[in-house]
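**Q** For reference, this is protein23.cif, and it has mmCIF, C-alpha atoms.
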```cif
data_final
loop_
_atom_site.group_PDB
_atom_site.id
_atom_site.type_symbol
_atom_site.label_atom_id
_atom_site.label_comp_id
_atom_site.auth_asym_id
_atom_site.auth_seq_id
_atom_site.Cartn_x
_atom_site.Cartn_y
_atom_site.Cartn_z
ATOM 1 C CA MET A 52 -12.692 -16.236 21.078
ATOM 2 C CA GLY A 53 -10.584 -13.810 19.085
ATOM 3 C CA LEU A 54 -9.306 -10.507 20.427
ATOM 4 C CA LEU A 55 -11.338 -8.607 17.827
ATOM 5 C CA ASP A 56 -14.435 -10.776 17.481
ATOM 6 C CA ASP A 57 -17.275 -8.912 15.718
ATOM 7 C CA LYS A 58 -15.227 -5.718 15.348
ATOM 8 C CA VAL A 59 -14.953 -3.722 12.133
ATOM 9 C CA VAL A 60 -11.361 -2.658 11.490
ATOM 10 C CA LEU A 61 -10.290 -0.144 8.841
ATOM 11 C CA VAL A 62 -6.599 -0.227 7.955
ATOM 12 C CA ASN A 63 -5.496 2.775 5.919
ATOM 13 C CA GLY A 64 -2.496 1.885 3.805
ATOM 14 C CA GLY A 65 -3.384 -1.745 4.381
ATOM 15 C CA SER A 66 -2.700 -3.360 1.039
ATOM 16 C CA GLN A 67 0.950 -4.269 1.721
ATOM 17 C CA GLY A 68 3.705 -4.192 4.335
ATOM 18 C CA VAL A 69 2.815 -3.461 7.935
ATOM 19 C CA GLY A 70 -0.765 -2.548 7.034
ATOM 20 C CA ALA A 71 -1.383 -5.876 5.277
ATOM 21 C CA ALA A 72 0.080 -7.742 8.260
ATOM 22 C CA ILE A 73 -2.314 -5.853 10.558
ATOM 23 C CA ALA A 74 -5.235 -6.768 8.294
ATOM 24 C CA ARG A 75 -4.250 -10.459 8.403
ATOM 25 C CA ALA A 76 -3.884 -10.417 12.179
ATOM 26 C CA SER A 77 -7.216 -8.626 12.608
ATOM 27 C CA VAL A 78 -9.050 -11.210 10.503
ATOM 28 C CA ARG A 79 -7.332 -13.987 12.422
ATOM 29 C CA GLU A 80 -8.669 -12.435 15.626
ATOM 30 C CA GLY A 81 -12.252 -12.334 14.376
ATOM 31 C CA ALA A 82 -12.641 -8.896 12.807
ATOM 32 C CA ALA A 83 -14.233 -7.816 9.550
ATOM 33 C CA VAL A 84 -11.553 -5.785 7.800
ATOM 34 C CA ALA A 85 -11.363 -3.038 5.203
ATOM 35 C CA VAL A 86 -8.053 -1.969 3.665
ATOM 36 C CA THR A 87 -7.302 1.114 1.622
ATOM 37 C CA GLY A 88 -4.582 1.664 -0.939
ATOM 38 C CA ARG A 89 -3.824 3.496 -4.160
ATOM 39 C CA ARG A 90 -3.226 0.429 -6.333
ATOM 40 C CA PRO A 91 -6.065 -2.070 -6.795
ATOM 41 C CA GLU A 92 -3.854 -5.076 -7.570
ATOM 42 C CA PRO A 93 -2.290 -5.627 -4.127
ATOM 43 C CA GLY A 94 -5.454 -4.536 -2.324
ATOM 44 C CA GLU A 95 -7.696 -6.920 -4.216
ATOM 45 C CA ALA A 96 -5.140 -9.733 -3.922
ATOM 46 C CA LEU A 97 -5.052 -9.306 -0.139
ATOM 47 C CA VAL A 98 -8.849 -9.311 0.095
ATOM 48 C CA ALA A 99 -8.990 -12.484 -2.000
ATOM 49 C CA GLU A 100 -6.434 -14.105 0.335
ATOM 50 C CA LEU A 101 -8.377 -13.122 3.449
ATOM 51 C CA THR A 102 -11.777 -14.172 2.141
ATOM 52 C CA ALA A 103 -10.381 -17.480 0.871
ATOM 53 C CA ALA A 104 -9.296 -18.141 4.459
ATOM 54 C CA GLY A 105 -12.851 -17.546 5.659
ATOM 55 C CA GLY A 106 -12.517 -13.913 6.709
ATOM 56 C CA ARG A 107 -14.619 -10.863 5.891
ATOM 57 C CA ALA A 108 -12.639 -8.264 3.987
ATOM 58 C CA MET A 109 -13.057 -5.449 1.497
ATOM 59 C CA TYR A 110 -10.755 -3.161 -0.456
ATOM 60 C CA VAL A 111 -11.355 0.575 -0.805
ATOM 61 C CA ARG A 112 -9.320 2.353 -3.455
ATOM 62 C CA ALA A 113 -8.068 5.610 -1.959
ATOM 63 C CA ASP A 114 -5.215 7.977 -2.685
ATOM 64 C CA LEU A 115 -4.676 9.282 0.823
ATOM 65 C CA SER A 116 -2.766 12.319 -0.407
ATOM 66 C CA ASP A 117 -6.320 13.627 -0.885
ATOM 67 C CA ALA A 118 -7.761 14.334 2.562
ATOM 68 C CA GLY A 119 -11.236 14.041 1.130
ATOM 69 C CA ARG A 120 -10.565 10.443 0.134
ATOM 70 C CA ALA A 121 -9.381 9.708 3.666
ATOM 71 C CA LYS A 122 -12.785 10.796 4.936
ATOM 72 C CA VAL A 123 -14.720 9.055 2.167
ATOM 73 C CA SER A 124 -12.916 5.769 2.850
ATOM 74 C CA VAL A 125 -14.422 5.755 6.342
ATOM 75 C CA ALA A 126 -17.872 6.507 4.924
ATOM 76 C CA GLU A 127 -17.565 3.633 2.441
ATOM 77 C CA VAL A 128 -16.704 1.202 5.241
ATOM 78 C CA VAL A 129 -19.634 2.445 7.329
ATOM 79 C CA ASP A 130 -21.914 1.943 4.321
ATOM 80 C CA ALA A 131 -20.634 -1.615 3.848
ATOM 81 C CA TYR A 132 -20.328 -2.827 7.436
ATOM 82 C CA GLY A 133 -22.561 -0.415 9.349
ATOM 83 C CA ARG A 134 -19.810 1.095 11.482
ATOM 84 C CA VAL A 135 -16.088 1.432 12.153
ATOM 85 C CA ASP A 136 -14.969 0.130 15.558
ATOM 86 C CA CYS A 137 -11.220 0.327 15.027
ATOM 87 C CA LEU A 138 -9.028 2.471 12.788
ATOM 88 C CA VAL A 139 -5.362 1.941 11.966
ATOM 89 C CA ASN A 140 -3.454 4.638 10.102
ATOM 90 C CA SER A 141 -0.508 2.805 8.575
ATOM 91 C CA ALA A 142 -0.020 4.612 5.263
ATOM 92 C CA GLY A 143 3.321 6.349 5.070
ATOM 93 C CA LEU A 144 5.542 8.276 2.669
ATOM 94 C CA THR A 145 9.282 7.838 3.291
ATOM 95 C CA SER A 146 10.886 9.641 0.346
ATOM 96 C CA ARG A 147 14.077 11.408 1.353
ATOM 97 C CA GLY A 148 14.832 15.070 1.913
ATOM 98 C CA THR A 149 17.119 17.145 4.134
ATOM 99 C CA LEU A 150 16.496 20.559 5.642
ATOM 100 C CA LEU A 151 18.531 22.083 2.809
ATOM 101 C CA ASP A 152 17.206 20.235 -0.231
ATOM 102 C CA THR A 153 13.530 19.579 0.588
ATOM 103 C CA THR A 154 11.221 21.387 -1.807
ATOM 104 C CA PRO A 155 7.846 22.795 -0.781
ATOM 105 C CA GLU A 156 6.241 20.119 -2.962
ATOM 106 C CA LEU A 157 8.042 17.278 -1.164
ATOM 107 C CA PHE A 158 7.218 18.792 2.230
ATOM 108 C CA ASP A 159 3.540 19.094 1.274
ATOM 109 C CA ALA A 160 3.493 15.462 0.092
ATOM 110 C CA HIS A 161 4.787 14.269 3.460
ATOM 111 C CA ILE A 162 2.299 16.372 5.375
ATOM 112 C CA ALA A 163 -0.534 15.097 3.159
ATOM 113 C CA ILE A 164 0.178 11.384 3.626
ATOM 114 C CA ASN A 165 1.811 11.245 7.057
ATOM 115 C CA LEU A 166 -0.275 13.801 8.955
ATOM 116 C CA LYS A 167 -3.263 15.215 7.066
ATOM 117 C CA ALA A 168 -4.680 11.839 5.989
ATOM 118 C CA PRO A 169 -4.573 10.393 9.538
ATOM 119 C CA PHE A 170 -6.142 13.590 10.880
ATOM 120 C CA PHE A 171 -9.167 13.441 8.589
ATOM 121 C CA ALA A 172 -9.556 9.661 8.757
ATOM 122 C CA MET A 173 -9.641 9.990 12.548
ATOM 123 C CA GLN A 174 -12.107 12.847 12.254
ATOM 124 C CA ALA A 175 -14.510 10.700 10.228
ATOM 125 C CA ALA A 176 -14.075 7.553 12.328
ATOM 126 C CA VAL A 177 -14.463 9.374 15.642
ATOM 127 C CA ALA A 178 -17.554 11.172 14.323
ATOM 128 C CA ASP A 179 -19.097 7.762 13.541
ATOM 129 C CA MET A 180 -18.249 6.448 17.013
ATOM 130 C CA VAL A 181 -19.564 9.561 18.767
ATOM 131 C CA GLU A 182 -22.777 9.534 16.740
ATOM 132 C CA ARG A 183 -23.400 5.920 17.763
ATOM 133 C CA LYS A 184 -22.314 6.657 21.372
ATOM 134 C CA ALA A 185 -20.025 3.655 21.016
ATOM 135 C CA PRO A 186 -16.466 3.104 22.232
ATOM 136 C CA GLY A 187 -13.699 2.599 19.717
ATOM 137 C CA THR A 188 -9.954 2.300 19.299
ATOM 138 C CA ILE A 189 -7.430 3.897 16.975
ATOM 139 C CA VAL A 190 -3.760 3.088 16.452
ATOM 140 C CA ASN A 191 -1.464 5.372 14.487
ATOM 141 C CA ILE A 192 1.661 3.792 13.020
ATOM 142 C CA ILE A 193 4.331 6.427 13.534
ATOM 143 C CA THR A 194 8.126 5.982 13.640
ATOM 144 C CA SER A 195 11.010 6.016 16.074
ATOM 145 C CA SER A 196 12.441 8.743 13.829
ATOM 146 C CA ALA A 197 9.786 11.083 15.240
ATOM 147 C CA HIS A 198 12.258 11.636 18.098
ATOM 148 C CA GLY A 199 14.738 13.209 15.665
ATOM 149 C CA GLY A 200 15.719 10.836 12.894
ATOM 150 C CA GLN A 201 18.424 11.010 10.268
ATOM 151 C CA PRO A 202 19.226 14.258 8.435
ATOM 152 C CA PHE A 203 17.781 12.868 5.179
ATOM 153 C CA LEU A 204 14.350 12.372 6.794
ATOM 154 C CA ALA A 205 13.579 16.019 7.566
ATOM 155 C CA PRO A 206 10.067 16.311 6.037
ATOM 156 C CA TYR A 207 9.163 12.779 7.165
ATOM 157 C CA VAL A 208 10.174 13.551 10.740
ATOM 158 C CA ALA A 209 8.302 16.860 10.714
ATOM 159 C CA ALA A 210 5.072 15.175 9.653
ATOM 160 C CA LYS A 211 5.394 12.125 11.898
ATOM 161 C CA ALA A 212 6.291 14.241 14.933
ATOM 162 C CA GLY A 213 3.070 16.108 14.247
ATOM 163 C CA LEU A 214 1.224 12.776 14.299
ATOM 164 C CA VAL A 215 2.671 12.071 17.754
ATOM 165 C CA GLY A 216 1.140 15.294 19.034
ATOM 166 C CA LEU A 217 -2.130 14.666 17.236
ATOM 167 C CA THR A 218 -2.399 11.179 18.744
ATOM 168 C CA ARG A 219 -2.147 12.546 22.273
ATOM 169 C CA ASN A 220 -4.409 15.512 21.589
ATOM 170 C CA ALA A 221 -7.176 13.370 20.093
ATOM 171 C CA ALA A 222 -6.880 10.788 22.869
ATOM 172 C CA HIS A 223 -7.302 13.498 25.479
ATOM 173 C CA ALA A 224 -10.195 15.122 23.624
ATOM 174 C CA HIS A 225 -12.186 11.894 23.333
ATOM 175 C CA ARG A 226 -11.317 10.015 26.505
ATOM 176 C CA TRP A 227 -14.817 10.599 27.922
ATOM 177 C CA ASP A 228 -16.276 9.136 24.729
ATOM 178 C CA ARG A 229 -14.352 5.939 25.608
ATOM 179 C CA ILE A 230 -12.418 6.207 22.359
ATOM 180 C CA ARG A 231 -8.865 5.059 22.995
ATOM 181 C CA ILE A 232 -6.182 6.424 20.675
ATOM 182 C CA ASN A 233 -2.558 5.264 20.793
ATOM 183 C CA GLY A 234 0.507 5.344 18.577
ATOM 184 C CA LEU A 235 3.368 3.015 17.787
ATOM 185 C CA ASN A 236 6.829 4.366 16.995
ATOM 186 C CA ILE A 237 8.153 1.494 14.922
ATOM 187 C CA GLY A 238 11.821 0.992 14.108
ATOM 188 C CA TRP A 239 13.524 -0.375 11.009
ATOM 189 C CA THR A 240 11.201 -3.007 9.540
ATOM 190 C CA ALA A 241 11.559 -5.435 6.635
ATOM 191 C CA THR A 242 8.731 -4.488 4.283
ATOM 192 C CA GLU A 243 8.223 -4.266 0.517
ATOM 193 C CA GLY A 244 8.198 -0.494 0.813
ATOM 194 C CA GLU A 245 11.469 -0.422 2.737
ATOM 195 C CA ASP A 246 13.073 -2.627 0.105
ATOM 196 C CA ALA A 247 12.014 -0.185 -2.616
ATOM 197 C CA THR A 248 13.231 2.778 -0.554
ATOM 198 C CA GLN A 249 16.653 1.239 0.083
ATOM 199 C CA ARG A 250 17.115 0.492 -3.605
ATOM 200 C CA ALA A 251 15.835 3.861 -4.815
ATOM 201 C CA PHE A 252 17.621 6.150 -2.364
ATOM 202 C CA HIS A 253 20.603 4.195 -1.024
ATOM 203 C CA ASP A 254 21.766 2.080 -3.988
ATOM 204 C CA ALA A 255 21.095 -1.064 -1.946
ATOM 205 C CA GLY A 256 21.689 -4.489 -3.430
ATOM 206 C CA ASP A 257 19.931 -7.772 -2.812
ATOM 207 C CA ASP A 258 21.909 -8.273 0.409
ATOM 208 C CA TRP A 259 20.868 -5.027 2.091
ATOM 209 C CA ARG A 260 18.779 -6.804 4.753
ATOM 210 C CA GLU A 261 21.695 -8.985 5.814
ATOM 211 C CA ARG A 262 24.054 -5.999 5.878
ATOM 212 C CA ALA A 263 21.555 -3.993 7.924
ATOM 213 C CA ALA A 264 20.955 -6.871 10.333
ATOM 214 C CA ALA A 265 24.665 -7.113 11.125
ATOM 215 C CA GLY A 266 24.531 -3.654 12.680
ATOM 216 C CA LEU A 267 21.390 -4.194 14.770
ATOM 217 C CA PRO A 268 21.336 -5.435 18.387
ATOM 218 C CA MET A 269 18.930 -8.316 17.727
ATOM 219 C CA GLY A 270 20.677 -9.306 14.506
ATOM 220 C CA ARG A 271 17.648 -8.675 12.296
ATOM 221 C CA LEU A 272 15.119 -6.071 11.249
ATOM 222 C CA GLY A 273 11.661 -5.938 12.770
ATOM 223 C CA ARG A 274 8.947 -8.019 11.115
ATOM 224 C CA PRO A 275 5.489 -6.767 10.079
ATOM 225 C CA ASP A 276 3.734 -9.724 11.732
ATOM 226 C CA GLU A 277 5.289 -8.831 15.101
ATOM 227 C CA ILE A 278 4.067 -5.247 14.805
ATOM 228 C CA ALA A 279 0.644 -6.506 13.731
ATOM 229 C CA ASP A 280 0.252 -8.609 16.876
ATOM 230 C CA PHE A 281 1.094 -5.576 19.002
ATOM 231 C CA VAL A 282 -1.390 -3.400 17.116
ATOM 232 C CA VAL A 283 -4.166 -5.982 17.528
ATOM 233 C CA LEU A 284 -3.531 -5.950 21.272
ATOM 234 C CA LEU A 285 -3.846 -2.153 21.340
ATOM 235 C CA LEU A 286 -7.058 -2.310 19.312
ATOM 236 C CA SER A 287 -8.560 -4.926 21.614
ATOM 237 C CA ASP A 288 -10.060 -4.721 25.080
ATOM 238 C CA ARG A 289 -7.008 -6.622 26.394
ATOM 239 C CA SER A 290 -5.046 -3.364 26.362
ATOM 240 C CA GLY A 291 -7.395 -2.130 29.046
ATOM 241 C CA VAL A 292 -7.832 1.581 29.574
ATOM 242 C CA VAL A 293 -4.586 2.742 27.964
ATOM 243 C CA THR A 294 -4.973 5.814 25.761
ATOM 244 C CA GLY A 295 -2.738 8.648 24.621
ATOM 245 C CA SER A 296 0.345 6.429 24.705
ATOM 246 C CA VAL A 297 2.967 6.576 21.973
ATOM 247 C CA ILE A 298 5.007 3.411 22.418
ATOM 248 C CA ASP A 299 8.541 2.953 21.121
ATOM 249 C CA TRP A 300 8.664 -0.398 19.299
ATOM 250 C CA ASP A 301 12.341 -0.632 18.461
ATOM 251 C CA GLN A 302 15.554 -2.402 19.403
ATOM 252 C CA ASN A 303 17.556 0.788 19.869
ATOM 253 C CA VAL A 304 17.062 2.428 23.258
ATOM 254 C CA LEU A 305 16.086 6.075 23.176
ATOM 255 C CA GLY A 306 18.663 8.089 25.088
ATOM 256 C CA GLY A 307 21.088 5.189 25.436
ATOM 257 C CA LEU A 308 24.697 6.091 24.677
ATOM 258 C CA ASP A 309 27.855 3.995 24.317
#
```
Step by step, read the file and then write its structure as structure tokens.

**A**
Amino acid sequence: MGLLDDKVVLVNGGSQGVGAAIARASVREGAAVAVTGRRPEPGEALVAELTAAGGRAMYVRADLSDAGRAKVSVAEVVDAYGRVDCLVNSAGLTSRGTLLDTTPELFDAHIAINLKAPFFAMQAAVADMVERKAPGTIVNIITSSAHGGQPFLAPYVAAKAGLVGLTRNAAHAHRWDRIRINGLNIGWTATEGEDATQRAFHDAGDDWRERAAAGLPMGRLGRPDEIADFVVLLLSDRSGVVTGSVIDWDQNVLGGLD
């Protein structure tokens, strides 16, 4: 028996990185999975990989900077699978900006991807669950930077801190509907997106992971598959009654000082 047997899981931003790892883990645990993403190539490649392994999977092309597409993606999954039992919001924009140099356009882009898209995807998924009078689970992938973050992450932190509040608000609002909503504040993770970010914004070379690892307590960055296993647990009944929790998944201790 898998942890997610017979569940339908929608992973927004699921075509690569942490989202793709969550999709793989969900299929492994018995779920039918849908992933969204802007670019068809990685999304369709992931679906082909999952179906070749015997899983049920579909790709939904969606630019989540459009809140309407976030809602429509849920509707498309309901049309295909009949329902959405579990939602994971893992799409994220990490482009850099400080308080002094962030433009209104950059700020709006962060709000659109990191806060507005999760809001309206949750709205559509919760509406489906409430209409069916069925329980459900949602996990929002947030960031340890929501506690403050580096100066060059100002718009990112603003949006993700909003997602922390939204996670708790929605969990409280729908606790009597038996819809559990939790968040995961992940730390520095080795993903394709992080590689691109390090090269684009920090002039990183091919050895950036090794250099970063040398300054981390565990001697390495976090891995998407580790996060995925944790998310699957939160989506499943094995996480019990927990809701409204925003869990710090990082190797640096919040508030710890040397």

**Q** Counting all atoms listed in the file, what is within 10 Å of Leu204 in chain A, bar same-chain residues fewer than 3 positions away, as a PDB file with C-alpha atoms, in the coordinates of the input?

**A**
```pdb
ATOM      1  CA  THR A 145       9.282   7.838   3.291  1.00  0.00           C
ATOM      2  CA  SER A 146      10.886   9.641   0.346  1.00  0.00           C
ATOM      3  CA  ARG A 147      14.077  11.408   1.353  1.00  0.00           C
ATOM      4  CA  GLY A 148      14.832  15.070   1.913  1.00  0.00           C
ATOM      5  CA  THR A 149      17.119  17.145   4.134  1.00  0.00           C
ATOM      6  CA  LEU A 150      16.496  20.559   5.642  1.00  0.00           C
ATOM      7  CA  THR A 153      13.530  19.579   0.588  1.00  0.00           C
ATOM      8  CA  SER A 196      12.441   8.743  13.829  1.00  0.00           C
ATOM      9  CA  ALA A 197       9.786  11.083  15.240  1.00  0.00           C
ATOM     10  CA  GLY A 199      14.738  13.209  15.665  1.00  0.00           C
ATOM     11  CA  GLY A 200      15.719  10.836  12.894  1.00  0.00           C
ATOM     12  CA  GLN A 201      18.424  11.010  10.268  1.00  0.00           C
ATOM     13  CA  TYR A 207       9.163  12.779   7.165  1.00  0.00           C
ATOM     14  CA  VAL A 208      10.174  13.551  10.740  1.00  0.00           C
ATOM     15  CA  ALA A 209       8.302  16.860  10.714  1.00  0.00           C
TER      16      ALA A 209
END
```

**Q** So how many Å separate CA of Val283 in chain A and CA of Ile189 in chain A, to one decimal?

**A**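 Separation between CA of Val283 in chain A and CA of Ile189 in chain A: 10.4 Å.
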
**Q** Could you check the closest approach to Arg271 in chain A for each of A:Leu235, A:Val69, A:Met109, A:Ala241 and tell me which residue wins, using all atoms listed in the file?

**A** A:Ala241

**Q** Can you pull out the residues contacting Pro91 in chain A? Cut-off 9 Å, using all atoms listed in the file, and skip same-chain residues under 6 positions away; I want them as a ChimeraX atom specification.

**A** /A:66,110-112

**Q** Counting only C-alpha atoms, which residues of range 91-179 of chain A sit at most 12 Å from some atom of range 218-224 of chain A, and what is each one's closest atom pair with its distance in Å to one decimal, listed by chain and rising residue number, as JSON lines?

**A**
```
{"residue": "A:Val139", "atom": "CA", "partner": "A:Thr218", "partner_atom": "CA", "distance": 11.8}
{"residue": "A:Asn140", "atom": "CA", "partner": "A:Thr218", "partner_atom": "CA", "distance": 10.9}
{"residue": "A:Leu166", "atom": "CA", "partner": "A:Thr218", "partner_atom": "CA", "distance": 10.4}
{"residue": "A:Pro169", "atom": "CA", "partner": "A:Thr218", "partner_atom": "CA", "distance": 9.5}
{"residue": "A:Phe170", "atom": "CA", "partner": "A:Thr218", "partner_atom": "CA", "distance": 9.0}
{"residue": "A:Phe171", "atom": "CA", "partner": "A:Ala221", "partner_atom": "CA", "distance": 11.7}
{"residue": "A:Met173", "atom": "CA", "partner": "A:Ala221", "partner_atom": "CA", "distance": 8.6}
{"residue": "A:Gln174", "atom": "CA", "partner": "A:Ala221", "partner_atom": "CA", "distance": 9.3}
{"residue": "A:Ala176", "atom": "CA", "partner": "A:Ala221", "partner_atom": "CA", "distance": 11.9}
{"residue": "A:Val177", "atom": "CA", "partner": "A:Ala221", "partner_atom": "CA", "distance": 9.4}
```

**Q** Based on the selection just made, write C-alpha atoms of those residues as a tab-separated table (two decimals), in the frame of the given file.

**A**
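Resulting contents of part19.tsv:
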```tsv
chain	number	residue	atom	x	y	z
A	139	VAL	CA	-5.36	1.94	11.97
A	140	ASN	CA	-3.45	4.64	10.10
A	166	LEU	CA	-0.28	13.80	8.96
A	169	PRO	CA	-4.57	10.39	9.54
A	170	PHE	CA	-6.14	13.59	10.88
A	171	PHE	CA	-9.17	13.44	8.59
A	173	MET	CA	-9.64	9.99	12.55
A	174	GLN	CA	-12.11	12.85	12.25
A	176	ALA	CA	-14.08	7.55	12.33
A	177	VAL	CA	-14.46	9.37	15.64
```

**Q** Name the residues that the PyMOL selection byres ((chain A and resi 82) around 7) pulls out of this structure, and write them as an MDAnalysis selection string.

**A** chainID A and resid 55:60 77:78 80:81 83:84

**Q** Using only C-alpha atoms, which residues sit within 12 Å of Arg120 in chain A once same-chain residues fewer than 2 positions away are excluded, as a PDB file with C-alpha atoms, in the coordinates of the input?

**A**
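Saved as around-v1.pdb:
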```
ATOM      1  CA  ASN A  63      -5.496   2.775   5.919  1.00  0.00           C
ATOM      2  CA  THR A  87      -7.302   1.114   1.622  1.00  0.00           C
ATOM      3  CA  GLY A  88      -4.582   1.664  -0.939  1.00  0.00           C
ATOM      4  CA  ARG A  89      -3.824   3.496  -4.160  1.00  0.00           C
ATOM      5  CA  VAL A 111     -11.355   0.575  -0.805  1.00  0.00           C
ATOM      6  CA  ARG A 112      -9.320   2.353  -3.455  1.00  0.00           C
ATOM      7  CA  ALA A 113      -8.068   5.610  -1.959  1.00  0.00           C
ATOM      8  CA  ASP A 114      -5.215   7.977  -2.685  1.00  0.00           C
ATOM      9  CA  LEU A 115      -4.676   9.282   0.823  1.00  0.00           C
ATOM     10  CA  SER A 116      -2.766  12.319  -0.407  1.00  0.00           C
ATOM     11  CA  ASP A 117      -6.320  13.627  -0.885  1.00  0.00           C
ATOM     12  CA  ALA A 118      -7.761  14.334   2.562  1.00  0.00           C
ATOM     13  CA  LYS A 122     -12.785  10.796   4.936  1.00  0.00           C
ATOM     14  CA  VAL A 123     -14.720   9.055   2.167  1.00  0.00           C
ATOM     15  CA  SER A 124     -12.916   5.769   2.850  1.00  0.00           C
ATOM     16  CA  VAL A 125     -14.422   5.755   6.342  1.00  0.00           C
ATOM     17  CA  ALA A 126     -17.872   6.507   4.924  1.00  0.00           C
ATOM     18  CA  GLU A 127     -17.565   3.633   2.441  1.00  0.00           C
ATOM     19  CA  ALA A 163      -0.534  15.097   3.159  1.00  0.00           C
ATOM     20  CA  ILE A 164       0.178  11.384   3.626  1.00  0.00           C
ATOM     21  CA  LYS A 167      -3.263  15.215   7.066  1.00  0.00           C
ATOM     22  CA  ALA A 168      -4.680  11.839   5.989  1.00  0.00           C
ATOM     23  CA  PRO A 169      -4.573  10.393   9.538  1.00  0.00           C
ATOM     24  CA  PHE A 171      -9.167  13.441   8.589  1.00  0.00           C
ATOM     25  CA  ALA A 172      -9.556   9.661   8.757  1.00  0.00           C
ATOM     26  CA  ALA A 175     -14.510  10.700  10.228  1.00  0.00           C
TER      27      ALA A 175
END
```

**Q** Using all atoms listed in the file for the distances, tell me which of A:Arg262, A:Arg75, A:Arg229, A:Lys184 is nearest to Pro275 in chain A.

**A**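 The answer is A:Arg75, which sits nearest to Pro275 in chain A.
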
**Q** Show which residues sit within 12 Å of His198 in chain A, as a PDB file with C-alpha atoms, in the frame of the given file. Count all atoms listed in the file, and ignore same-chain residues fewer than 6 positions away.

**A**
```pdb
ATOM      1  CA  LEU A 204      14.350  12.372   6.794  1.00  0.00           C
ATOM      2  CA  ALA A 205      13.579  16.019   7.566  1.00  0.00           C
ATOM      3  CA  TYR A 207       9.163  12.779   7.165  1.00  0.00           C
ATOM      4  CA  VAL A 208      10.174  13.551  10.740  1.00  0.00           C
ATOM      5  CA  ALA A 209       8.302  16.860  10.714  1.00  0.00           C
ATOM      6  CA  ALA A 210       5.072  15.175   9.653  1.00  0.00           C
ATOM      7  CA  LYS A 211       5.394  12.125  11.898  1.00  0.00           C
ATOM      8  CA  ALA A 212       6.291  14.241  14.933  1.00  0.00           C
ATOM      9  CA  GLY A 213       3.070  16.108  14.247  1.00  0.00           C
ATOM     10  CA  LEU A 214       1.224  12.776  14.299  1.00  0.00           C
ATOM     11  CA  VAL A 215       2.671  12.071  17.754  1.00  0.00           C
ATOM     12  CA  GLY A 216       1.140  15.294  19.034  1.00  0.00           C
ATOM     13  CA  ASN A 236       6.829   4.366  16.995  1.00  0.00           C
ATOM     14  CA  ILE A 237       8.153   1.494  14.922  1.00  0.00           C
ATOM     15  CA  GLY A 238      11.821   0.992  14.108  1.00  0.00           C
ATOM     16  CA  VAL A 297       2.967   6.576  21.973  1.00  0.00           C
ATOM     17  CA  ILE A 298       5.007   3.411  22.418  1.00  0.00           C
ATOM     18  CA  ASP A 299       8.541   2.953  21.121  1.00  0.00           C
ATOM     19  CA  VAL A 304      17.062   2.428  23.258  1.00  0.00           C
ATOM     20  CA  LEU A 305      16.086   6.075  23.176  1.00  0.00           C
ATOM     21  CA  GLY A 306      18.663   8.089  25.088  1.00  0.00           C
TER      22      GLY A 306
END
```

**Q** What is the distance, in Å and to one decimal place, between CA of Gly291 in chain A and CA of Asp136 in chain A?

**A**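 CA of Gly291 in chain A sits 15.6 Å away from CA of Asp136 in chain A.
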
**Q** Find the distance between CA of Arg134 in chain A and CA of Ile162 in chain A and write it in Å to one decimal.

**A** 27.6 Å

**Q** So for range 146-152 of chain A, what box centre and size do we get, axis-aligned, 8 Å extra on each of the six sides, every listed atom, Å to one decimal, as AutoDock Vina command-line options?

**A**
```
--center_x 14.7 --center_y 15.9 --center_z 2.7 --size_x 23.6 --size_y 28.4 --size_z 21.9
```

**Q** Go through the shown structure with the PyMOL selection byres ((chain A and resi 188) around 7) and write out the matching residues as a short mmCIF file (atom, residue, chain, number, x, y, z; two decimals) with C-alpha atoms, in the frame of the given file.

**A**
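Saved file selection04.cif follows:
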```
data_model
loop_
_atom_site.label_atom_id
_atom_site.label_comp_id
_atom_site.auth_asym_id
_atom_site.auth_seq_id
_atom_site.Cartn_x
_atom_site.Cartn_y
_atom_site.Cartn_z
CA ASP A 136 -14.97 0.13 15.56
CA CYS A 137 -11.22 0.33 15.03
CA LEU A 138 -9.03 2.47 12.79
CA GLY A 187 -13.70 2.60 19.72
CA ILE A 189 -7.43 3.90 16.98
CA VAL A 190 -3.76 3.09 16.45
CA ILE A 230 -12.42 6.21 22.36
CA ARG A 231 -8.86 5.06 23.00
CA ILE A 232 -6.18 6.42 20.68
CA LEU A 286 -7.06 -2.31 19.31
#
```

**Q** Determine the nearest neighbour of Asn191 in chain A from the options A:Leu54, A:Leu285, A:Ala104, A:Ala71, counting all atoms listed in the file.

**A**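 Nearest to Asn191 in chain A: A:Leu285.
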
**Q** For this file, the PyMOL selection byres ((chain A and resi 244) around 12) selects which residues, as a short mmCIF file (atom, residue, chain, number, x, y, z; two decimals) with C-alpha atoms, in the coordinates of the input?

**A**
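Written output follows (result_38.cif):
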```
data_model
loop_
_atom_site.label_atom_id
_atom_site.label_comp_id
_atom_site.auth_asym_id
_atom_site.auth_seq_id
_atom_site.Cartn_x
_atom_site.Cartn_y
_atom_site.Cartn_z
CA GLY A 64 -2.50 1.88 3.80
CA SER A 66 -2.70 -3.36 1.04
CA GLN A 67 0.95 -4.27 1.72
CA GLY A 68 3.70 -4.19 4.34
CA VAL A 69 2.82 -3.46 7.94
CA GLY A 70 -0.76 -2.55 7.03
CA ALA A 71 -1.38 -5.88 5.28
CA ALA A 142 -0.02 4.61 5.26
CA GLY A 143 3.32 6.35 5.07
CA LEU A 144 5.54 8.28 2.67
CA THR A 145 9.28 7.84 3.29
CA SER A 146 10.89 9.64 0.35
CA TRP A 239 13.52 -0.38 11.01
CA THR A 240 11.20 -3.01 9.54
CA ALA A 241 11.56 -5.44 6.64
CA THR A 242 8.73 -4.49 4.28
CA GLU A 243 8.22 -4.27 0.52
CA GLU A 245 11.47 -0.42 2.74
CA ASP A 246 13.07 -2.63 0.10
CA ALA A 247 12.01 -0.18 -2.62
CA THR A 248 13.23 2.78 -0.55
CA GLN A 249 16.65 1.24 0.08
CA ARG A 250 17.11 0.49 -3.60
CA ALA A 251 15.84 3.86 -4.82
CA PHE A 252 17.62 6.15 -2.36
CA PRO A 275 5.49 -6.77 10.08
#
```
